[in-house]
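Undergrad: Structure: upload17.txt, compact mmCIF, C-alpha atoms.
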# COMPACT_ATOMS: atom_id res chain seq x y z
CA ASP A 130 -33.08 -139.14 -149.51
CA GLN A 131 -29.53 -140.18 -150.41
CA GLN A 132 -28.26 -137.47 -152.75
CA VAL A 133 -24.78 -138.99 -153.06
CA LYS A 134 -24.46 -142.74 -153.45
CA GLN A 135 -21.55 -145.13 -153.45
CA ASN A 136 -23.10 -148.43 -154.40
CA SER A 137 -20.06 -150.62 -153.76
CA PRO A 138 -19.42 -151.03 -150.04
CA SER A 139 -16.10 -152.75 -150.71
CA LEU A 140 -13.47 -153.25 -153.41
CA SER A 141 -10.44 -155.51 -153.47
CA VAL A 142 -7.57 -155.05 -155.96
CA GLN A 143 -4.06 -156.38 -156.42
CA GLU A 144 -1.08 -154.15 -155.72
CA GLY A 145 0.06 -152.37 -158.88
CA ARG A 146 -3.32 -152.61 -160.60
CA ILE A 147 -5.90 -149.86 -161.06
CA SER A 148 -8.54 -149.13 -158.41
CA ILE A 149 -11.76 -147.51 -159.64
CA LEU A 150 -14.19 -146.16 -157.09
CA ASN A 151 -17.56 -144.92 -158.26
CA CYS A 152 -20.04 -142.36 -157.01
CA ASP A 153 -23.45 -141.23 -158.28
CA TYR A 154 -25.41 -138.14 -157.33
CA THR A 155 -28.94 -136.90 -157.89
CA ASN A 156 -28.80 -133.16 -157.19
CA SER A 157 -28.00 -131.18 -160.34
CA MET A 158 -27.16 -128.15 -158.18
CA PHE A 159 -23.93 -129.75 -156.96
CA ASP A 160 -21.01 -127.67 -158.23
CA TYR A 161 -18.00 -129.16 -156.49
CA PHE A 162 -17.01 -132.71 -155.75
CA LEU A 163 -14.37 -134.12 -153.42
CA TRP A 164 -12.88 -137.44 -152.45
CA TYR A 165 -11.75 -138.17 -148.91
CA LYS A 166 -9.83 -141.13 -147.54
CA LYS A 167 -10.39 -142.39 -144.01
CA TYR A 168 -8.25 -144.72 -141.93
CA PRO A 169 -9.64 -146.27 -138.72
CA ALA A 170 -9.46 -143.95 -135.69
CA GLU A 171 -8.65 -140.95 -137.90
CA GLY A 172 -10.74 -138.24 -139.48
CA PRO A 173 -11.31 -138.11 -143.25
CA THR A 174 -8.33 -136.75 -145.19
CA PHE A 175 -8.86 -134.72 -148.34
CA LEU A 176 -7.55 -136.43 -151.49
CA ILE A 177 -8.66 -134.61 -154.61
CA SER A 178 -11.49 -132.42 -155.87
CA ILE A 179 -13.11 -131.35 -159.12
CA SER A 180 -15.27 -128.44 -160.14
CA SER A 181 -18.35 -129.02 -162.26
CA ILE A 182 -16.80 -127.03 -165.10
CA LYS A 183 -14.15 -129.72 -165.56
CA ASP A 184 -14.41 -133.36 -166.49
CA LYS A 185 -11.04 -134.53 -165.20
CA ASN A 186 -8.55 -133.61 -162.51
CA GLU A 187 -5.29 -135.41 -161.88
CA ASP A 188 -2.92 -135.40 -158.92
CA GLY A 189 -0.13 -137.94 -159.03
CA ARG A 190 -1.58 -141.44 -158.84
CA PHE A 191 -5.11 -140.09 -158.31
CA THR A 192 -7.47 -138.96 -161.08
CA VAL A 193 -11.08 -137.96 -160.68
CA PHE A 194 -13.46 -138.06 -163.65
CA LEU A 195 -16.78 -136.25 -163.72
CA ASN A 196 -19.64 -137.08 -166.10
CA LYS A 197 -22.25 -134.41 -165.47
CA SER A 198 -24.83 -135.77 -167.91
CA ALA A 199 -24.75 -139.12 -166.10
CA LYS A 200 -24.37 -137.49 -162.67
CA HIS A 201 -21.45 -139.81 -162.04
CA LEU A 202 -17.91 -139.42 -160.82
CA SER A 203 -15.11 -141.88 -160.34
CA LEU A 204 -11.74 -141.96 -158.63
CA HIS A 205 -8.92 -143.86 -160.32
CA ILE A 206 -5.83 -144.87 -158.37
CA VAL A 207 -2.92 -146.07 -160.51
CA PRO A 208 -0.90 -147.97 -159.46
CA SER A 209 -2.64 -149.12 -156.30
CA GLN A 210 -0.48 -149.60 -153.20
CA PRO A 211 -1.20 -151.46 -149.94
CA GLY A 212 -1.09 -148.11 -148.10
CA ASP A 213 -4.12 -147.03 -150.14
CA SER A 214 -6.26 -149.51 -148.18
CA ALA A 215 -8.87 -147.34 -146.45
CA VAL A 216 -12.48 -146.20 -146.69
CA TYR A 217 -13.04 -143.69 -149.50
CA PHE A 218 -15.87 -141.18 -149.38
CA CYS A 219 -17.08 -139.00 -152.20
CA ALA A 220 -18.70 -135.74 -151.23
CA ALA A 221 -20.51 -132.96 -153.06
CA SER A 222 -21.33 -129.35 -152.39
CA ALA A 223 -23.89 -126.95 -153.83
CA ILE A 224 -23.00 -124.02 -151.57
CA VAL A 225 -19.72 -122.15 -151.88
CA GLY A 226 -17.72 -122.89 -148.74
CA GLY A 227 -20.73 -124.70 -147.29
CA LYS A 228 -21.87 -128.11 -146.25
CA LEU A 229 -20.65 -131.32 -147.82
CA ILE A 230 -23.00 -134.19 -148.66
CA PHE A 231 -21.23 -137.52 -148.32
CA GLY A 232 -21.76 -140.95 -149.83
CA GLN A 233 -21.75 -144.06 -147.66
CA GLY A 234 -18.14 -144.91 -148.44
CA THR A 235 -16.30 -147.73 -150.22
CA GLU A 236 -13.74 -149.80 -148.35
CA LEU A 237 -10.73 -150.39 -150.59
CA SER A 238 -8.38 -153.27 -149.86
CA VAL A 239 -5.14 -153.43 -151.85
CA LYS A 240 -3.48 -156.82 -151.53
CA PRO A 241 0.29 -157.30 -151.95
CA GLU B 29 0.24 -124.80 -139.37
CA THR B 30 -1.60 -126.90 -136.77
CA GLY B 31 -4.25 -129.47 -137.64
CA VAL B 32 -7.79 -129.90 -136.35
CA THR B 33 -8.02 -131.46 -132.89
CA GLN B 34 -11.03 -132.79 -130.98
CA SER B 35 -11.67 -133.78 -127.38
CA PRO B 36 -12.44 -136.13 -125.85
CA THR B 37 -11.63 -139.06 -128.12
CA HIS B 38 -14.22 -141.32 -126.50
CA LEU B 39 -17.21 -140.65 -124.30
CA ILE B 40 -19.91 -142.78 -122.71
CA LYS B 41 -23.18 -141.21 -121.57
CA THR B 42 -26.60 -142.45 -120.57
CA ARG B 43 -29.89 -141.62 -122.22
CA GLY B 44 -31.27 -138.22 -121.19
CA GLN B 45 -27.88 -136.74 -120.28
CA GLN B 46 -26.22 -133.77 -121.94
CA VAL B 47 -22.81 -133.76 -123.63
CA THR B 48 -20.35 -131.14 -124.89
CA LEU B 49 -17.79 -131.99 -127.54
CA ARG B 50 -14.89 -129.68 -128.35
CA CYS B 51 -12.94 -128.84 -131.46
CA SER B 52 -9.92 -126.69 -132.15
CA SER B 53 -9.87 -125.57 -135.77
CA GLN B 54 -6.88 -125.03 -137.99
CA SER B 55 -5.36 -121.62 -137.36
CA GLY B 56 -6.75 -118.94 -139.67
CA HIS B 57 -9.84 -120.94 -140.61
CA ASN B 58 -13.07 -119.01 -140.16
CA THR B 59 -15.58 -121.80 -140.74
CA VAL B 60 -16.20 -124.87 -138.63
CA SER B 61 -18.67 -127.59 -139.51
CA TRP B 62 -19.87 -130.51 -137.42
CA TYR B 63 -20.81 -133.89 -138.84
CA GLN B 64 -22.30 -137.05 -137.36
CA GLN B 65 -21.08 -140.37 -138.72
CA ALA B 66 -23.12 -143.43 -137.80
CA LEU B 67 -21.59 -146.88 -138.18
CA GLY B 68 -21.32 -147.88 -141.85
CA GLN B 69 -22.51 -144.51 -143.10
CA GLY B 70 -20.91 -141.37 -144.45
CA PRO B 71 -20.69 -138.21 -142.35
CA GLN B 72 -23.94 -136.22 -142.11
CA PHE B 73 -23.88 -132.43 -141.84
CA ILE B 74 -25.18 -131.07 -138.53
CA PHE B 75 -24.38 -127.35 -138.85
CA GLN B 76 -21.73 -124.85 -139.81
CA TYR B 77 -20.46 -121.74 -138.02
CA TYR B 78 -18.78 -118.80 -139.71
CA ARG B 79 -17.23 -116.06 -137.59
CA GLU B 80 -19.22 -117.19 -134.54
CA GLU B 81 -22.62 -117.20 -136.26
CA GLU B 82 -24.55 -120.26 -137.40
CA ASN B 83 -24.39 -120.46 -141.20
CA GLY B 84 -26.49 -123.41 -142.27
CA ARG B 85 -28.00 -126.39 -140.51
CA GLY B 86 -28.74 -129.94 -141.51
CA ASN B 87 -31.71 -132.11 -140.59
CA PHE B 88 -30.97 -132.30 -136.86
CA PRO B 89 -33.30 -131.30 -133.99
CA PRO B 90 -32.73 -128.17 -131.86
CA ARG B 91 -31.26 -130.24 -129.02
CA PHE B 92 -28.10 -130.19 -131.17
CA SER B 93 -26.54 -126.77 -130.71
CA GLY B 94 -23.14 -125.22 -131.15
CA LEU B 95 -20.83 -122.36 -130.42
CA GLN B 96 -17.77 -120.97 -132.17
CA PHE B 97 -15.24 -118.83 -130.32
CA PRO B 98 -12.81 -116.15 -131.59
CA ASN B 99 -9.80 -118.36 -130.81
CA TYR B 100 -10.78 -120.92 -133.53
CA SER B 101 -12.30 -123.32 -130.98
CA SER B 102 -15.87 -124.55 -131.09
CA GLU B 103 -18.33 -126.75 -129.23
CA LEU B 104 -21.12 -129.13 -130.12
CA ASN B 105 -23.73 -129.55 -127.40
CA VAL B 106 -26.33 -132.30 -127.42
CA ASN B 107 -29.15 -132.28 -124.86
CA ALA B 108 -31.49 -135.10 -123.85
CA LEU B 109 -29.29 -137.78 -125.38
CA GLU B 110 -30.97 -140.64 -127.22
CA LEU B 111 -29.60 -144.07 -128.05
CA ASP B 112 -29.47 -143.12 -131.76
CA ASP B 113 -27.06 -140.30 -130.95
CA SER B 114 -24.33 -142.92 -130.59
CA ALA B 115 -21.93 -142.09 -133.42
CA LEU B 116 -18.60 -140.58 -134.37
CA TYR B 117 -18.77 -136.78 -134.28
CA LEU B 118 -16.40 -134.97 -136.62
CA CYS B 119 -15.57 -131.32 -136.85
CA ALA B 120 -14.07 -129.79 -139.96
CA SER B 121 -12.58 -126.39 -140.56
CA GLY B 122 -12.43 -124.41 -143.76
CA SER B 123 -10.74 -121.19 -144.76
CA ASP B 124 -13.71 -119.05 -145.81
CA LEU B 125 -17.03 -118.88 -147.64
CA SER B 126 -15.74 -117.13 -150.76
CA SER B 127 -14.83 -120.22 -152.72
CA TYR B 128 -15.23 -123.94 -152.86
CA ASN B 129 -12.49 -125.50 -150.84
CA GLU B 130 -11.70 -128.65 -149.00
CA GLN B 131 -12.57 -128.96 -145.35
CA PHE B 132 -10.01 -130.35 -142.91
CA PHE B 133 -11.34 -132.91 -140.46
CA GLY B 134 -10.35 -133.73 -136.94
CA PRO B 135 -10.02 -137.34 -135.69
CA GLY B 136 -13.51 -137.31 -134.19
CA THR B 137 -15.14 -138.05 -130.83
CA ARG B 138 -16.75 -141.46 -130.46
CA LEU B 139 -19.94 -141.00 -128.38
CA THR B 140 -21.73 -144.01 -126.95
CA VAL B 141 -25.17 -143.52 -125.38
CA LEU B 142 -26.35 -146.35 -123.11
Reformat the file's structure so that it appears as structure tokens.
TA:
Amino acid sequence: DQQVKQNSPSLSVQEGRISILNCDYTNSMFDYFLWYKKYPAEGPTFLISISSIKDKNEDGRFTVFLNKSAKHLSLHIVPSQPGDSAVYFCAASAIVGGKLIFGQGTELSVKP
Amino acid sequence: ETGVTQSPTHLIKTRGQQVTLRCSSQSGHNTVSWYQQALGQGPQFIFQYYREEENGRGNFPPRFSGLQFPNYSSELNVNALELDDSALYLCASGSDLSSYNEQFFGPGTRLTVL
């Protein structure tokens, strides 16, 4: 039972353009959503989060959008840079301070 | 502020053996969670400890057990290893249970079971 899904295993974009990574979830009890970035041989690094009471959160080049009615969130990276090439995981939580449920990840490749 | 560290980085065991993985949490963080990441998948929650007590468990059998110590270190123990236990094991620390907050991950231990 995959409660958090990232349906695109990979995404390739040109440097300077927008990267859009998508995530869908099924559990309406999820209250908090996070995006993590993972480079090979490193642990996931926190990028940005959003509470279910918001529909948008922005931090520099990164913006997360949440559509609760569609149970969908997306991460926008503008402008994309080659250093953004990594695997991106979305995660969700229904328990304050508790476990995170992760999607399968999307591998982003930003080409110069 | 120190990050989350894990040891060893790589480990090879044979089926039926037992293994202990170690994690040192970020200073001041009272929660530690362990995740298993199989190849091509996202991390899967194993369990969480808060102030040395188990505080939630995922869909993993009892042969997966853990400990958390007062000095912000913790252990994941796996008994009777199976081939499917081959994965990257990640620990993550968080500040507390009073609010939603990001968890900080270590680099992981790559376990191979032959």
Undergrad: Here is a test: counting all atoms listed in the file, which residue of B:Leu95, B:Leu142, B:Ile74, B:Leu109 is nearest to chain A?
TA: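 Residue with the minimum atom-to-atom distance to chain A: B:Ile74.
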Undergrad: From the list A:Ala170, A:Leu237, A:Ile182, A:Ile149, which residue is nearest chain B when using all atoms listed in the file?
TA: A:Ala170
Undergrad: Please provide as a JSON list (two decimals) with C-alpha atoms, in the coordinates of the input all residues within 8 Å of Gly94 of chain B, with the sequence filter that same-chain residues fewer than 4 positions apart are discarded (counting only C-alpha atoms).
TA:
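around-v7.json, freshly written:
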[["chain", "number", "residue", "atom", "x", "y", "z"],
["B", 102, "SER", "CA", -15.87, -124.55, -131.09],
["B", 103, "GLU", "CA", -18.33, -126.75, -129.23],
["B", 104, "LEU", "CA", -21.12, -129.13, -130.12],
["B", 105, "ASN", "CA", -23.73, -129.55, -127.40]]
Undergrad: Taking (-4.9, -151.3, -149.1) in the file's coordinates as the center, which residues reach within 10 Å of it, counting all atoms listed in the file, put as a ChimeraX atom specification?
TA: /A:140-144,209-216,236-241
Undergrad: Return the neighbours of chain A among the residues of chain B, cut-off 8 Å, counting only C-alpha atoms, as a PyMOL selection string.
TA: chain B and resi 61+68-73+75-76+84+118+122+124-136
Undergrad: So which residues touch Thr37 of chain B within 10 Å, counting only C-alpha atoms, skipping near sequence neighbours fewer than 5 positions away, as a ChimeraX atom specification?
TA: /A:170 /B:49-50,116-117,135-139
Undergrad: Keeping only C-alpha atoms, write the selected residues as a compact mmCIF listing (two decimals), in the coordinates of the input.
TA:
# COMPACT_ATOMS: atom_id res chain seq x y z
CA ALA A 170 -9.46 -143.95 -135.69
CA LEU B 49 -17.79 -131.99 -127.54
CA ARG B 50 -14.89 -129.68 -128.35
CA LEU B 116 -18.60 -140.58 -134.37
CA TYR B 117 -18.77 -136.78 -134.28
CA PRO B 135 -10.02 -137.34 -135.69
CA GLY B 136 -13.51 -137.31 -134.19
CA THR B 137 -15.14 -138.05 -130.83
CA ARG B 138 -16.75 -141.46 -130.46
CA LEU B 139 -19.94 -141.00 -128.38
Undergrad: Can you measure atom CA of Tyr63 of chain B to atom CA of Gln96 of chain B for me? One decimal in Å is fine.
TA: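 Distance between the two atoms: 14.9 Å.
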Undergrad: For the atom pair atom CA of Pro89 of chain B and atom CA of Gly44 of chain B, what is the interatomic distance in Å to one decimal place?
TA: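 Between atom CA of Pro89 of chain B and atom CA of Gly44 of chain B the gap is 14.7 Å.
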Undergrad: Excluding segment 52-59 of chain B and residues on its chain fewer than 5 positions from it, collect all residues at most 7 Å away from it, counting only C-alpha atoms, and give them as a short mmCIF file (atom, residue, chain, number, x, y, z; two decimals) with C-alpha atoms, keeping the file's coordinate frame.
TA:
data_model
loop_
_atom_site.label_atom_id
_atom_site.label_comp_id
_atom_site.auth_asym_id
_atom_site.auth_seq_id
_atom_site.Cartn_x
_atom_site.Cartn_y
_atom_site.Cartn_z
CA GLU B 29 0.24 -124.80 -139.37
CA THR B 30 -1.60 -126.90 -136.77
CA GLY B 31 -4.25 -129.47 -137.64
CA VAL B 32 -7.79 -129.90 -136.35
CA THR B 33 -8.02 -131.46 -132.89
CA GLN B 34 -11.03 -132.79 -130.98
CA GLN B 76 -21.73 -124.85 -139.81
CA TYR B 77 -20.46 -121.74 -138.02
CA TYR B 78 -18.78 -118.80 -139.71
CA ARG B 79 -17.23 -116.06 -137.59
CA TYR B 100 -10.78 -120.92 -133.53
CA SER B 101 -12.30 -123.32 -130.98
CA SER B 102 -15.87 -124.55 -131.09
CA SER B 121 -12.58 -126.39 -140.56
CA GLY B 122 -12.43 -124.41 -143.76
CA SER B 123 -10.74 -121.19 -144.76
CA ASP B 124 -13.71 -119.05 -145.81
#
Undergrad: Would you mind listing what lies within 7 Å of segment 189-195 of chain A as a list in words, with only C-alpha atoms counted and same-chain residues fewer than 2 positions away left out?
TA: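 Returned residues: Asp184, Lys185, Asn186, Glu187, Lys197, His201, Leu202, Ser203, Leu204, His205, Ile206, Val207 and Pro208 of chain A.
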Undergrad: Between B:Val141, B:Leu67, B:Glu81, B:Pro36, which one has atoms that come closest to Asn107 of chain B, using all atoms listed in the file?
TA: B:Val141
Undergrad: Take atom CA of Leu39 of chain B and atom CA of Val60 of chain B and report the distance between them in Å, one decimal.
TA: 21.3 Å
Undergrad: From the list A:Lys166, A:Thr155, A:Leu150, A:Ala221, which residue is nearest Gln132 of chain A when using all atoms listed in the file?
TA: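 Nearest to Gln132 of chain A: A:Thr155.
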Undergrad: As a short mmCIF file (atom, residue, chain, number, x, y, z; two decimals), in the frame of the given file, could you write out segment 29-49 of chain B once it has been completed with N, CA and C atoms?
TA:
data_model
loop_
_atom_site.label_atom_id
_atom_site.label_comp_id
_atom_site.auth_asym_id
_atom_site.auth_seq_id
_atom_site.Cartn_x
_atom_site.Cartn_y
_atom_site.Cartn_z
N GLU B 29 1.68 -124.54 -139.16
CA GLU B 29 0.24 -124.80 -139.37
C GLU B 29 -0.18 -125.99 -138.53
N THR B 30 -1.16 -125.79 -137.62
CA THR B 30 -1.60 -126.90 -136.77
C THR B 30 -2.84 -127.51 -137.40
N GLY B 31 -3.09 -128.79 -137.10
CA GLY B 31 -4.25 -129.47 -137.64
C GLY B 31 -5.46 -129.22 -136.78
N VAL B 32 -6.55 -129.98 -137.10
CA VAL B 32 -7.79 -129.90 -136.35
C VAL B 32 -7.75 -130.94 -135.23
N THR B 33 -8.02 -130.52 -134.02
CA THR B 33 -8.02 -131.46 -132.89
C THR B 33 -9.40 -131.49 -132.25
N GLN B 34 -9.74 -132.63 -131.64
CA GLN B 34 -11.03 -132.79 -130.98
C GLN B 34 -10.84 -133.46 -129.63
N SER B 35 -11.71 -133.11 -128.69
CA SER B 35 -11.67 -133.78 -127.38
C SER B 35 -13.08 -133.93 -126.84
N PRO B 36 -13.34 -134.99 -126.07
CA PRO B 36 -12.44 -136.13 -125.85
C PRO B 36 -12.45 -137.06 -127.05
N THR B 37 -11.64 -138.10 -127.02
CA THR B 37 -11.63 -139.06 -128.12
C THR B 37 -12.79 -140.03 -128.00
N HIS B 38 -13.11 -140.41 -126.77
CA HIS B 38 -14.22 -141.32 -126.50
C HIS B 38 -15.03 -140.80 -125.33
N LEU B 39 -16.32 -141.12 -125.35
CA LEU B 39 -17.21 -140.65 -124.30
C LEU B 39 -18.38 -141.61 -124.19
N ILE B 40 -18.74 -141.94 -122.95
CA ILE B 40 -19.91 -142.78 -122.71
C ILE B 40 -20.89 -142.01 -121.84
N LYS B 41 -22.13 -141.92 -122.30
CA LYS B 41 -23.18 -141.21 -121.57
C LYS B 41 -24.40 -142.10 -121.49
N THR B 42 -25.34 -141.73 -120.64
CA THR B 42 -26.60 -142.45 -120.57
C THR B 42 -27.72 -141.61 -121.17
N ARG B 43 -28.75 -142.27 -121.58
CA ARG B 43 -29.89 -141.62 -122.22
C ARG B 43 -30.43 -140.50 -121.32
N GLY B 44 -30.74 -139.35 -121.93
CA GLY B 44 -31.27 -138.22 -121.19
C GLY B 44 -30.22 -137.23 -120.73
N GLN B 45 -28.95 -137.66 -120.71
CA GLN B 45 -27.88 -136.74 -120.28
C GLN B 45 -27.56 -135.73 -121.37
N GLN B 46 -26.69 -134.80 -121.01
CA GLN B 46 -26.22 -133.77 -121.94
C GLN B 46 -24.72 -133.97 -122.16
N VAL B 47 -24.23 -133.57 -123.34
CA VAL B 47 -22.81 -133.76 -123.63
C VAL B 47 -22.28 -132.53 -124.39
N THR B 48 -21.03 -132.21 -124.15
CA THR B 48 -20.35 -131.14 -124.89
C THR B 48 -19.08 -131.70 -125.50
N LEU B 49 -18.97 -131.55 -126.81
CA LEU B 49 -17.79 -131.99 -127.54
C LEU B 49 -17.03 -130.75 -128.01
#
